[in-house]
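Presented below is the structure to which this report refers.
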Amino acid sequence: MNMSLIKLYLMFLKIGSLMIGGGYSMLPLLIRELVERHQIITEDELTDYMAVAQCTPGVIAINTATFVGYKVRRVIGAIVASLGVITVPMILITLIAAVLKELMQYEIVGHIFAGVRLAVCALITASVYKLFKKSVTNVTTFALFLLAFAFVTVGGISPVFVVLGAAITGLAWGGLKKC
């Protein structure tokens, strides 16, 4: 696909401006824009990009934009998509930082943040549900999901080690299937 850099920037500017909560809360928006509307990538590719973005240093939104931009227009596309996704949040963060301390004294601001937290929780839950449906496809993947979940939540094991273990397990499992 040979999308113009301006169109790529504007697409990620839109995503960045509508992205509240970051990370997985943006998954429904990414699916709608990148998979359904512009058909730049498949849902499987997006899931893979999100997984790798989670494992690499940095913010998931920027990492995902970088991967998609790279696919569309290589290095310049990665830069343009990344700039697009951070433009509006950077402006908003700067403005909020300038006035947040003053605003926090008002009770209504606390109520607003409580409402936003609930909405973000709902967005993340919806994203997890979609990822779960797409990734957990049989008894084995369900067992691996439960094991990884238990390691992180009950066992207190670092997600880094759980992801590395899952990658090694996937590699080994794929190798065993070929034998």
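Note on naming: chains are A, B, ... as they come in the structure tokens, residues start from 1 per chain, ligands start from 1 in the order shown.
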
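Residues lying within 10 Å of range 31-35 of chain A, counting only C-alpha atoms and ignoring same-chain neighbours fewer than 3 positions away, are Met11, Phe12, Lys14, Ile15, Met26, Leu27, Pro28, His38, Gln39, Ile40, Ile41, Thr42, Glu43, Asp44, Glu45, Leu46, Thr47 and Val68 of chain A.
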
Take the residues that were just selected and, keeping C-alpha atoms, output them as a short mmCIF file (atom, residue, chain, number, x, y, z; two decimals), in the first residue's frame.
data_model
loop_
_atom_site.label_atom_id
_atom_site.label_comp_id
_atom_site.auth_asym_id
_atom_site.auth_seq_id
_atom_site.Cartn_x
_atom_site.Cartn_y
_atom_site.Cartn_z
CA MET A 11 -5.16 9.06 10.22
CA PHE A 12 -2.91 8.67 13.27
CA LYS A 14 -7.33 11.19 14.50
CA ILE A 15 -6.47 8.01 16.40
CA MET A 26 -7.42 2.11 21.83
CA LEU A 27 -7.82 -1.35 20.25
CA PRO A 28 -11.44 -0.86 19.10
CA HIS A 38 -8.58 1.83 5.58
CA GLN A 39 -7.74 -1.90 5.33
CA ILE A 40 -4.07 -1.21 5.92
CA ILE A 41 -3.55 -4.29 8.07
CA THR A 42 -5.50 -7.36 9.11
CA GLU A 43 -6.88 -7.90 12.60
CA ASP A 44 -4.29 -10.66 13.10
CA GLU A 45 -1.49 -8.27 12.16
CA LEU A 46 -2.88 -5.67 14.57
CA THR A 47 -3.00 -8.26 17.35
CA VAL A 68 1.92 0.21 11.11
#

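In this model, the gap between CA of Tyr24 in chain A and CA of Leu100 in chain A comes to 25.0 Å.
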
Select from range 13-141 of chain A everything DSSP, run on the backbone, classes as alpha helix (DSSP H), then give the selection as a ChimeraX atom specification.
/A:13-18,27-30,43-55,60-103,107-135,139-141

Can you write out the residues you just picked, keeping C-alpha atoms, as a short mmCIF file (atom, residue, chain, number, x, y, z; two decimals), in the first residue's frame?
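Saved file result_37.cif follows:
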data_model
loop_
_atom_site.label_atom_id
_atom_site.label_comp_id
_atom_site.auth_asym_id
_atom_site.auth_seq_id
_atom_site.Cartn_x
_atom_site.Cartn_y
_atom_site.Cartn_z
CA LEU A 13 -3.66 12.23 14.37
CA LYS A 14 -7.33 11.19 14.50
CA ILE A 15 -6.47 8.01 16.40
CA GLY A 16 -4.28 9.94 18.84
CA SER A 17 -6.92 12.60 19.40
CA LEU A 18 -9.64 10.04 20.17
CA LEU A 27 -7.82 -1.35 20.25
CA PRO A 28 -11.44 -0.86 19.10
CA LEU A 29 -10.47 2.44 17.45
CA LEU A 30 -7.44 0.84 15.76
CA GLU A 43 -6.88 -7.90 12.60
CA ASP A 44 -4.29 -10.66 13.10
CA GLU A 45 -1.49 -8.27 12.16
CA LEU A 46 -2.88 -5.67 14.57
CA THR A 47 -3.00 -8.26 17.35
CA ASP A 48 0.61 -9.19 16.61
CA TYR A 49 1.70 -5.52 16.55
CA MET A 50 -0.06 -4.89 19.87
CA ALA A 51 1.63 -7.94 21.40
CA VAL A 52 5.08 -6.85 20.24
CA ALA A 53 4.34 -3.24 21.24
CA GLN A 54 3.51 -4.46 24.74
CA CYS A 55 6.85 -6.28 24.97
CA ILE A 60 1.90 0.83 23.21
CA ALA A 61 0.18 3.49 21.09
CA ILE A 62 3.44 4.88 19.73
CA ASN A 63 4.96 1.44 19.20
CA THR A 64 1.88 0.25 17.32
CA ALA A 65 1.81 3.41 15.19
CA THR A 66 5.48 2.87 14.44
CA PHE A 67 4.90 -0.72 13.28
CA VAL A 68 1.92 0.21 11.11
CA GLY A 69 3.68 3.27 9.68
CA TYR A 70 6.71 1.14 8.87
CA LYS A 71 4.54 -1.37 7.03
CA VAL A 72 2.90 1.40 5.01
CA ARG A 73 5.91 3.63 4.14
CA ARG A 74 8.96 2.15 5.87
CA VAL A 75 11.10 4.41 8.09
CA ILE A 76 9.48 7.71 7.08
CA GLY A 77 6.05 6.13 7.55
CA ALA A 78 7.03 4.95 11.03
CA ILE A 79 8.14 8.48 11.95
CA VAL A 80 5.05 10.15 10.49
CA ALA A 81 2.59 7.71 12.09
CA SER A 82 4.32 8.06 15.45
CA LEU A 83 4.24 11.87 15.24
CA GLY A 84 0.57 11.73 14.28
CA VAL A 85 -0.44 9.60 17.24
CA ILE A 86 1.41 11.77 19.79
CA THR A 87 0.56 15.28 18.54
CA VAL A 88 -2.80 15.79 20.28
CA PRO A 89 -1.90 13.90 23.49
CA MET A 90 1.30 15.96 23.87
CA ILE A 91 -0.63 19.20 23.49
CA LEU A 92 -3.31 18.05 25.93
CA ILE A 93 -0.81 16.77 28.48
CA THR A 94 1.05 20.07 28.37
CA LEU A 95 -2.17 22.04 28.87
CA ILE A 96 -3.43 19.75 31.63
CA ALA A 97 -0.09 19.81 33.44
CA ALA A 98 -0.24 23.60 33.45
CA VAL A 99 -3.62 23.69 35.21
CA LEU A 100 -4.07 20.30 36.93
CA LYS A 101 -2.84 21.32 40.36
CA GLU A 102 -5.30 24.21 40.41
CA LEU A 103 -8.19 22.10 39.09
CA GLU A 107 -14.62 18.26 43.85
CA ILE A 108 -16.23 18.08 40.41
CA VAL A 109 -12.84 17.41 38.80
CA GLY A 110 -12.49 14.32 41.00
CA HIS A 111 -15.91 13.15 39.81
CA ILE A 112 -14.89 13.72 36.19
CA PHE A 113 -11.74 11.64 36.64
CA ALA A 114 -13.77 8.88 38.35
CA GLY A 115 -16.10 8.76 35.34
CA VAL A 116 -13.20 8.71 32.89
CA ARG A 117 -11.54 5.85 34.83
CA LEU A 118 -14.75 3.80 34.49
CA ALA A 119 -14.95 4.48 30.76
CA VAL A 120 -11.30 3.52 30.31
CA CYS A 121 -11.89 0.34 32.32
CA ALA A 122 -14.79 -0.54 29.99
CA LEU A 123 -12.65 0.13 26.89
CA ILE A 124 -9.83 -2.04 28.21
CA THR A 125 -12.27 -4.81 29.14
CA ALA A 126 -13.76 -4.73 25.63
CA SER A 127 -10.28 -4.92 24.13
CA VAL A 128 -9.30 -7.83 26.37
CA TYR A 129 -12.52 -9.62 25.36
CA LYS A 130 -11.71 -9.19 21.65
CA LEU A 131 -8.11 -10.34 22.13
CA PHE A 132 -9.32 -13.30 24.20
CA LYS A 133 -11.81 -14.39 21.52
CA LYS A 134 -9.16 -14.09 18.82
CA SER A 135 -6.33 -15.78 20.73
CA VAL A 139 -8.28 -26.08 25.38
CA THR A 140 -4.50 -25.73 25.08
CA THR A 141 -4.55 -21.97 24.47
#

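Between CA of Thr153 in chain A and CA of Gly175 in chain A the separation is 28.9 Å.
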
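The space between CA of Pro159 in chain A and CA of Pro57 in chain A spans 12.9 Å.
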